[in-house]
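**Student:** Below you'll find the structure I mean.
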Amino acid sequence: MTPLLPYLKFVHFCALLVWCAGLFALPALLSLYGRCANREERVRVVAATRFTYVALASPAAVLAVVSGTAMIHATGSYGGWMLAKLTLVTGMVFFHALCAKLVLVLQRNPEAIGSGWLLATALVPLLLVPGVLAMVLWQPRFGGG
Ligand code: HEM
């Protein structure tokens with residue numbers, strides 16, 4: 001397993017880059033739904049959102065979680081920091097799912113939620129992603145763990 005570690009880390013990093021970029025792009029794209037001047041513009045925004053969600057963010061999220069899970073045993077990452085990291089990653093997964101729900105709601109009624117509120121949801125990954133990075137880079141000890 002250990003000779004695979006650099007490859008797993010490479011896959012983990014690449015997947016994270018795409019997943020995190022997707023989680024930041026989705027609130028911006030969703031905030032455009034209610035601002036389209038005509039049908040043609042809306043079709044473009046919907047297509048861009050779907051591409052970001054289905055072709056980029058979702059496969060990257062799966063790859064990030066699978067590669068990360070495969071590295072737990074190889075790196076012996078069993079400390080409290082890993083539990084804290086996984087809690088924050090769970091928050092990212094919930095936010096990912098929330099974006100899908102928002103896509104469905106806005107497809108039915110593009111003005112159902114104000115653009116400002118939709119843009120403000122970017123605060124969630126803005127807090128979670130640095131939190132995950134802090135856990136993994138500093139690996140703080142919680143209690144004795
Ligand atoms: C279920 C999801 C995840 C699991 C199971 C997981 C697991 C792991 C493991 C075991 C390592 C190796 C730690 C070490 O070398 O000591 C690692 C490295 C890393 N992970 Fe994750 N991870 C996940 C998601 C994420 C996410 C969402 C981010 C960022 C937002 C992230 C950022 C990093 C970084 C930056 C490293 C490299 C740390 C280093 O080499 O110093 N991971 N991950």
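Naming works like this for the structure tokens: A, B, ... for the chains as they're shown, residue 1 at the start of each chain, ligands 1 onward in shown order.
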Please identify which residues in range 27-93 of chain A DSSP calls alpha helix (DSSP H) from the backbone, and express them as number ranges by chain.

**Tutor:** A: 27-30, 39-50, 58-75, 80-93

**Student:** Any idea what's packed within 6 Å of range 107-120 of chain A, counting only C-alpha atoms, ignoring anything in its chain fewer than 6 positions away? Could you give it as a PyMOL selection string?

**Tutor:** chain A and resi 27-28+31+33-34

**Student:** Restricting it to N, CA and C atoms, dump the selection as an mmCIF file, in the first residue's frame.

**Tutor:**
```cif
data_model
loop_
_atom_site.group_PDB
_atom_site.id
_atom_site.type_symbol
_atom_site.label_atom_id
_atom_site.label_comp_id
_atom_site.auth_asym_id
_atom_site.auth_seq_id
_atom_site.Cartn_x
_atom_site.Cartn_y
_atom_site.Cartn_z
ATOM 1 N N PRO A 27 -22.412 28.609 -5.811
ATOM 2 C CA PRO A 27 -23.217 29.746 -5.313
ATOM 3 C C PRO A 27 -23.235 30.910 -6.307
ATOM 4 N N ALA A 28 -22.094 31.171 -6.961
ATOM 5 C CA ALA A 28 -22.038 32.276 -7.938
ATOM 6 C C ALA A 28 -22.963 31.977 -9.114
ATOM 7 N N SER A 31 -26.642 32.189 -8.119
ATOM 8 C CA SER A 31 -27.103 33.573 -7.894
ATOM 9 C C SER A 31 -27.483 34.255 -9.217
ATOM 10 N N TYR A 33 -29.385 32.798 -11.583
ATOM 11 C CA TYR A 33 -30.669 32.300 -12.100
ATOM 12 C C TYR A 33 -31.742 33.401 -12.175
ATOM 13 N N GLY A 34 -31.856 34.166 -11.097
ATOM 14 C CA GLY A 34 -32.911 35.186 -11.049
ATOM 15 C C GLY A 34 -32.554 36.456 -11.798
#
```

**Student:** List as a PyMOL selection string the protein and nucleic acid residues near Phe94 in chain A, meaning an atom at most 12 Å away when only C-alpha atoms are counted, but skip any in the same chain fewer than 3 places from it.

**Tutor:** chain A and resi 23+61+87-91+97-101+124-125+128

**Student:** Those same residues - N, CA and C atoms - I'd like them written as a PDB file, in the first residue's frame.

**Tutor:**
```pdb
ATOM      1  N   LEU A  23     -17.414  23.961  -5.340  1.00  0.00           N
ATOM      2  CA  LEU A  23     -18.251  24.431  -4.228  1.00  0.00           C
ATOM      3  C   LEU A  23     -18.264  25.960  -4.150  1.00  0.00           C
ATOM      4  N   ALA A  61     -15.658  15.056  -5.901  1.00  0.00           N
ATOM      5  CA  ALA A  61     -15.962  14.793  -4.486  1.00  0.00           C
ATOM      6  C   ALA A  61     -15.786  13.298  -4.190  1.00  0.00           C
ATOM      7  N   THR A  87     -15.319  15.558  10.192  1.00  0.00           N
ATOM      8  CA  THR A  87     -16.551  16.278  10.549  1.00  0.00           C
ATOM      9  C   THR A  87     -16.739  17.464   9.606  1.00  0.00           C
ATOM     10  N   LEU A  88     -15.639  18.190   9.363  1.00  0.00           N
ATOM     11  CA  LEU A  88     -15.727  19.349   8.457  1.00  0.00           C
ATOM     12  C   LEU A  88     -15.999  18.894   7.020  1.00  0.00           C
ATOM     13  N   VAL A  89     -15.380  17.770   6.620  1.00  0.00           N
ATOM     14  CA  VAL A  89     -15.625  17.239   5.266  1.00  0.00           C
ATOM     15  C   VAL A  89     -17.099  16.846   5.126  1.00  0.00           C
ATOM     16  N   THR A  90     -17.693  16.304   6.213  1.00  0.00           N
ATOM     17  CA  THR A  90     -19.124  15.972   6.178  1.00  0.00           C
ATOM     18  C   THR A  90     -19.937  17.238   5.899  1.00  0.00           C
ATOM     19  N   GLY A  91     -19.505  18.351   6.499  1.00  0.00           N
ATOM     20  CA  GLY A  91     -20.167  19.640   6.227  1.00  0.00           C
ATOM     21  C   GLY A  91     -20.075  19.980   4.740  1.00  0.00           C
ATOM     22  N   ALA A  97     -24.735  18.644  -1.322  1.00  0.00           N
ATOM     23  CA  ALA A  97     -26.114  18.164  -1.511  1.00  0.00           C
ATOM     24  C   ALA A  97     -27.093  19.340  -1.507  1.00  0.00           C
ATOM     25  N   LEU A  98     -26.835  20.340  -0.652  1.00  0.00           N
ATOM     26  CA  LEU A  98     -27.708  21.522  -0.610  1.00  0.00           C
ATOM     27  C   LEU A  98     -27.726  22.232  -1.972  1.00  0.00           C
ATOM     28  N   CYS A  99     -26.555  22.283  -2.629  1.00  0.00           N
ATOM     29  CA  CYS A  99     -26.478  22.925  -3.955  1.00  0.00           C
ATOM     30  C   CYS A  99     -27.398  22.199  -4.942  1.00  0.00           C
ATOM     31  N   ALA A 100     -27.459  20.859  -4.859  1.00  0.00           N
ATOM     32  CA  ALA A 100     -28.343  20.104  -5.753  1.00  0.00           C
ATOM     33  C   ALA A 100     -29.800  20.477  -5.481  1.00  0.00           C
ATOM     34  N   LYS A 101     -30.137  20.600  -4.203  1.00  0.00           N
ATOM     35  CA  LYS A 101     -31.509  20.973  -3.827  1.00  0.00           C
ATOM     36  C   LYS A 101     -31.825  22.368  -4.381  1.00  0.00           C
ATOM     37  N   VAL A 124     -20.208  29.209   3.410  1.00  0.00           N
ATOM     38  CA  VAL A 124     -20.097  27.860   4.004  1.00  0.00           C
ATOM     39  C   VAL A 124     -18.781  27.194   3.573  1.00  0.00           C
ATOM     40  N   PRO A 125     -18.502  27.038   2.246  1.00  0.00           N
ATOM     41  CA  PRO A 125     -17.191  26.467   1.893  1.00  0.00           C
ATOM     42  C   PRO A 125     -16.027  27.376   2.288  1.00  0.00           C
ATOM     43  N   LEU A 128     -15.470  26.145   5.751  1.00  0.00           N
ATOM     44  CA  LEU A 128     -15.149  24.715   5.893  1.00  0.00           C
ATOM     45  C   LEU A 128     -13.803  24.342   5.264  1.00  0.00           C
TER      46      LEU A 128
END
```

**Student:** Show me a table, sorted first by chain and then by increasing residue number, of the residues of chain A having an atom at most 7 Å from ligand 1, each with its shortest atom pair and the distance in Å to one decimal, counting only C-alpha atoms and all ligand atoms and written as a tab-separated table.

**Tutor:**
```
residue	atom	partner	partner_atom_place_in_ligand_line	distance
A:Lys9	CA	ligand 1	18 (C)	6.6
A:His12	CA	ligand 1	21 (Fe)	6.7
A:Phe13	CA	ligand 1	34 (C)	6.7
A:Leu16	CA	ligand 1	29 (C)	5.7
A:Cys20	CA	ligand 1	30 (C)	6.5
A:Ala64	CA	ligand 1	24 (C)	5.7
A:Val65	CA	ligand 1	2 (C)	3.9
A:Val66	CA	ligand 1	1 (C)	6.9
A:Gly68	CA	ligand 1	6 (C)	3.4
A:Thr69	CA	ligand 1	5 (C)	3.8
A:Met71	CA	ligand 1	10 (C)	4.1
A:Ile72	CA	ligand 1	10 (C)	3.6
A:Thr75	CA	ligand 1	16 (O)	5.4
A:Ser77	CA	ligand 1	10 (C)	5.4
A:Leu86	CA	ligand 1	1 (C)	5.8
A:Val89	CA	ligand 1	27 (C)	5.2
A:Val129	CA	ligand 1	30 (C)	4.5
A:Pro130	CA	ligand 1	30 (C)	6.9
A:Val132	CA	ligand 1	30 (C)	5.2
A:Leu133	CA	ligand 1	29 (C)	5.4
A:Val136	CA	ligand 1	38 (C)	5.3
A:Leu137	CA	ligand 1	41 (O)	5.3
```

**Student:** I need the residue nearest Ala122 in chain A from this list: A:Phe24, A:Phe142, A:Trp81, A:Phe51. Use only C-alpha atoms for the distance.

**Tutor:**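 Using only C-alpha atoms, the shortest distance to Ala122 in chain A belongs to A:Phe24.
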
**Student:** Just the residues within 10 Å of range 55-59 of chain A, please, counting only C-alpha atoms, with nothing from its chain fewer than 3 positions along; format it as a PyMOL selection string.

**Tutor:** chain A and resi 15-23+25-26+49-52+62-64+93+96-97
